[in-house]
Each structure stands twice: as structure tokens, then as C-alpha cells.
$ cat protein-v1.cif   # mmCIF, C-alpha atoms
data_my_file
loop_
_atom_site.group_PDB
_atom_site.id
_atom_site.type_symbol
_atom_site.label_atom_id
_atom_site.label_comp_id
_atom_site.auth_asym_id
_atom_site.auth_seq_id
_atom_site.Cartn_x
_atom_site.Cartn_y
_atom_site.Cartn_z
ATOM 1 C CA MET R 256 1.146 15.247 -13.923
ATOM 2 C CA PRO R 257 4.087 12.788 -14.168
ATOM 3 C CA LYS R 258 5.085 11.016 -10.992
ATOM 4 C CA ALA R 259 8.389 12.105 -9.495
ATOM 5 C CA VAL R 260 11.280 9.678 -9.604
ATOM 6 C CA ILE R 261 13.856 10.223 -6.898
ATOM 7 C CA ASN R 262 16.956 8.037 -7.052
ATOM 8 C CA ARG R 263 19.354 7.986 -4.071
ATOM 9 C CA LYS R 264 21.909 5.492 -2.792
ATOM 10 C CA VAL R 265 21.870 4.482 0.869
ATOM 11 C CA ARG R 266 24.141 2.263 2.937
ATOM 12 C CA MET R 267 22.816 -0.708 4.883
ATOM 13 C CA ARG R 268 23.856 -0.504 8.537
ATOM 14 C CA GLU R 269 23.991 -2.970 11.390
ATOM 15 C CA ARG R 270 20.757 -4.926 11.894
ATOM 16 C CA GLY R 271 19.596 -4.148 8.334
ATOM 17 C CA GLN R 272 18.871 -0.478 8.980
ATOM 18 C CA PHE R 273 19.147 2.277 6.400
ATOM 19 C CA THR R 274 18.048 5.899 6.250
ATOM 20 C CA VAL R 275 15.376 6.999 3.800
ATOM 21 C CA PRO R 276 16.765 10.193 2.225
ATOM 22 C CA VAL R 277 15.023 13.412 3.258
ATOM 23 C CA GLU R 278 13.860 14.167 -0.307
ATOM 24 C CA ILE R 279 11.980 10.866 -0.434
ATOM 25 C CA ARG R 280 10.555 11.254 3.090
ATOM 26 C CA GLU R 281 9.255 14.710 2.237
ATOM 27 C CA HIS R 282 7.877 13.617 -1.150
ATOM 28 C CA LEU R 283 5.961 10.719 0.433
ATOM 29 C CA GLY R 284 4.977 12.615 3.584
ATOM 30 C CA LEU R 285 6.793 10.166 5.854
ATOM 31 C CA LYS R 286 7.262 11.138 9.481
ATOM 32 C CA GLU R 287 8.985 9.529 12.439
ATOM 33 C CA ASP R 288 7.235 6.250 13.334
ATOM 34 C CA SER R 289 5.576 5.952 9.896
ATOM 35 C CA ILE R 290 4.741 2.323 9.158
ATOM 36 C CA LEU R 291 6.183 0.928 5.920
ATOM 37 C CA GLN R 292 5.278 -2.265 4.079
ATOM 38 C CA VAL R 293 8.382 -3.989 2.660
ATOM 39 C CA LEU R 294 7.934 -6.362 -0.279
ATOM 40 C CA SER R 295 10.535 -8.631 -1.863
ATOM 41 C CA ILE R 296 9.875 -9.035 -5.576
ATOM 42 C CA GLY R 297 12.537 -11.136 -7.243
ATOM 43 C CA ARG R 298 15.791 -9.380 -6.397
ATOM 44 C CA ALA R 299 14.067 -6.029 -5.816
ATOM 45 C CA MET R 300 12.812 -4.545 -2.567
ATOM 46 C CA VAL R 301 9.758 -2.290 -2.684
ATOM 47 C CA VAL R 302 8.847 -0.128 0.301
ATOM 48 C CA ILE R 303 5.305 1.263 0.456
ATOM 49 C CA PRO R 304 3.925 3.612 3.118
ATOM 50 C CA GLU R 305 1.179 1.668 4.915
ATOM 51 C CA GLU R 306 -1.247 4.577 4.574
ATOM 52 C CA THR R 307 -0.979 4.247 0.805
ATOM 53 C CA MET R 308 -1.936 0.569 0.984
ATOM 54 C CA VAL R 309 -4.909 1.291 3.260
ATOM 55 C CA ASN R 310 -6.111 4.062 0.944
ATOM 56 C CA GLU R 311 -5.759 1.781 -2.109
ATOM 57 C CA LEU R 312 -7.715 -0.993 -0.381
ATOM 58 C CA ALA R 313 -10.453 1.505 0.530
ATOM 59 C CA ARG R 314 -10.627 2.690 -3.094
ATOM 60 C CA GLN R 315 -10.932 -0.901 -4.318
ATOM 61 C CA VAL R 316 -13.741 -1.672 -1.846
ATOM 62 C CA GLU R 317 -15.541 1.518 -2.834
ATOM 63 C CA TYR R 318 -15.175 0.594 -6.529
ATOM 64 C CA VAL R 319 -16.653 -2.881 -5.998
ATOM 65 C CA MET R 320 -19.522 -1.491 -3.925
ATOM 66 C CA LYS R 321 -20.353 1.070 -6.627
ATOM 67 C CA ASN R 322 -20.120 -1.422 -9.526
ATOM 68 C CA GLU R 323 -22.190 -4.017 -7.692
ATOM 69 C CA ASN R 324 -24.669 -1.369 -6.477
ATOM 70 C CA MET R 325 -24.036 -2.573 -2.944
ATOM 71 C CA ASN R 326 -24.305 -0.712 0.373
ATOM 72 C CA LEU R 327 -22.019 -1.312 3.350
ATOM 73 C CA GLU R 328 -24.447 -3.657 5.131
ATOM 74 C CA GLU R 329 -24.797 -5.798 1.986
ATOM 75 C CA LEU R 330 -21.015 -5.915 1.574
ATOM 76 C CA LEU R 331 -20.477 -6.990 5.179
ATOM 77 C CA SER R 332 -23.240 -9.586 4.925
ATOM 78 C CA SER R 333 -21.689 -10.974 1.746
ATOM 79 C CA LEU R 334 -18.289 -11.237 3.420
ATOM 80 C CA ARG R 335 -19.766 -12.972 6.498
ATOM 81 C CA GLU R 336 -21.598 -15.518 4.325
ATOM 82 C CA GLY R 337 -18.579 -16.209 2.168
ATOM 83 C CA SER R 338 -20.707 -15.701 -0.938
ATOM 84 C CA HIS R 339 -17.883 -14.269 -3.008
ATOM 85 C CA GLU R 340 -15.469 -15.700 -5.510
ATOM 86 C CA TYR R 341 -11.716 -15.411 -5.434
ATOM 87 C CA GLU R 342 -9.749 -14.476 -8.508
ATOM 88 C CA SER R 343 -6.298 -15.871 -9.163
ATOM 89 C CA ASP R 344 -3.580 -14.678 -11.491
#
$ encode --input "protein-v1.cif" --output "C-alpha cells"
Amino acid sequence: MPKAVINRKVRMRERGQFTVPVEIREHLGLKEDSILQVLSIGRAMVVIPEETMVNELARQVEYVMKNENMNLEELLSSLREGSHEYESD
């Protein structure tokens, strides 16, 4: 199923505030007091619901554990020991 693209203009108010249009809030399941991660990428601003980031991180951890045939205790032990490598772009 293709991902929905919703395009709306909003006006920046005092103190940098703007309203997320209702169509976007409903599409993303945003409620009052939802936490949003705001990223600046070049001249673009990307806003991501925090829940989405947490779910993505959980999926990535689960993927690594499955591919490395690792249980939770082994993963935690590995992280405590610092016996992992970092990748860079």
C-alpha cells in the first residue's frame, strides 16, 4: 500500500509555534502532549513522532539479535563490555 502524502501550509506563530493540521494529526495518530522529534536536514525540517523512533530502534535491535543469534542477556553483556564496533557513513 502506498504511503499517504499530505501537504498543508501552516503559519509560524510567536515563539516558533505552529499547528499541525488535523488531517496529519489523525493520519499519524498524534494526540495532545505527543512528543515529536524535530530534525534539521539542510534547509528542511523533519518532524517525527517519538513513538515511531522508539519502534524503529526496537525493530533494529530485534533484527541484530536475530541475525547474530543473540538473546537479551548476551546483547546486554555485549553492550556493557563495549565489545561492539561502530559503523560510520
$ closest_residue --input "protein-v1.cif" --among "R:Ile296, R:Arg280, R:Met308, R:Thr274" --to "Ile261 (chain R)" --atoms "only C-alpha atoms"
R:Arg280
$ resolve_selection --input "protein-v1.cif" --expression "the PyMOL selection byres ((chain R and resi 281-289) around 9)" --output "tab-separated table (two decimals) with C-alpha atoms, in the coordinates of the input"
chain	number	residue	atom	x	y	z
R	259	ALA	CA	8.39	12.10	-9.49
R	261	ILE	CA	13.86	10.22	-6.90
R	276	PRO	CA	16.76	10.19	2.22
R	277	VAL	CA	15.02	13.41	3.26
R	278	GLU	CA	13.86	14.17	-0.31
R	279	ILE	CA	11.98	10.87	-0.43
R	280	ARG	CA	10.56	11.25	3.09
R	290	ILE	CA	4.74	2.32	9.16
R	291	LEU	CA	6.18	0.93	5.92
R	304	PRO	CA	3.92	3.61	3.12
R	305	GLU	CA	1.18	1.67	4.92
R	306	GLU	CA	-1.25	4.58	4.57
$ closest_residue --input "protein-v1.cif" --among "R:Ser332, R:Asn326, R:Gln292, R:Gly297" --to "Val309 (chain R)" --atoms "all atoms listed in the file"
R:Gln292
$ atom_distance --input "protein-v1.cif" --atom1 "CA of Asn322 (chain R)" --atom2 "CA of Lys258 (chain R)"
28.1 Å
$ atom_distance --input "protein-v1.cif" --atom1 "CA of Leu331 (chain R)" --atom2 "CA of Ile303 (chain R)"
27.5 Å
$ atom_distance --input "protein-v1.cif" --atom1 "CA of Val260 (chain R)" --atom2 "CA of Met300 (chain R)"
15.9 Å
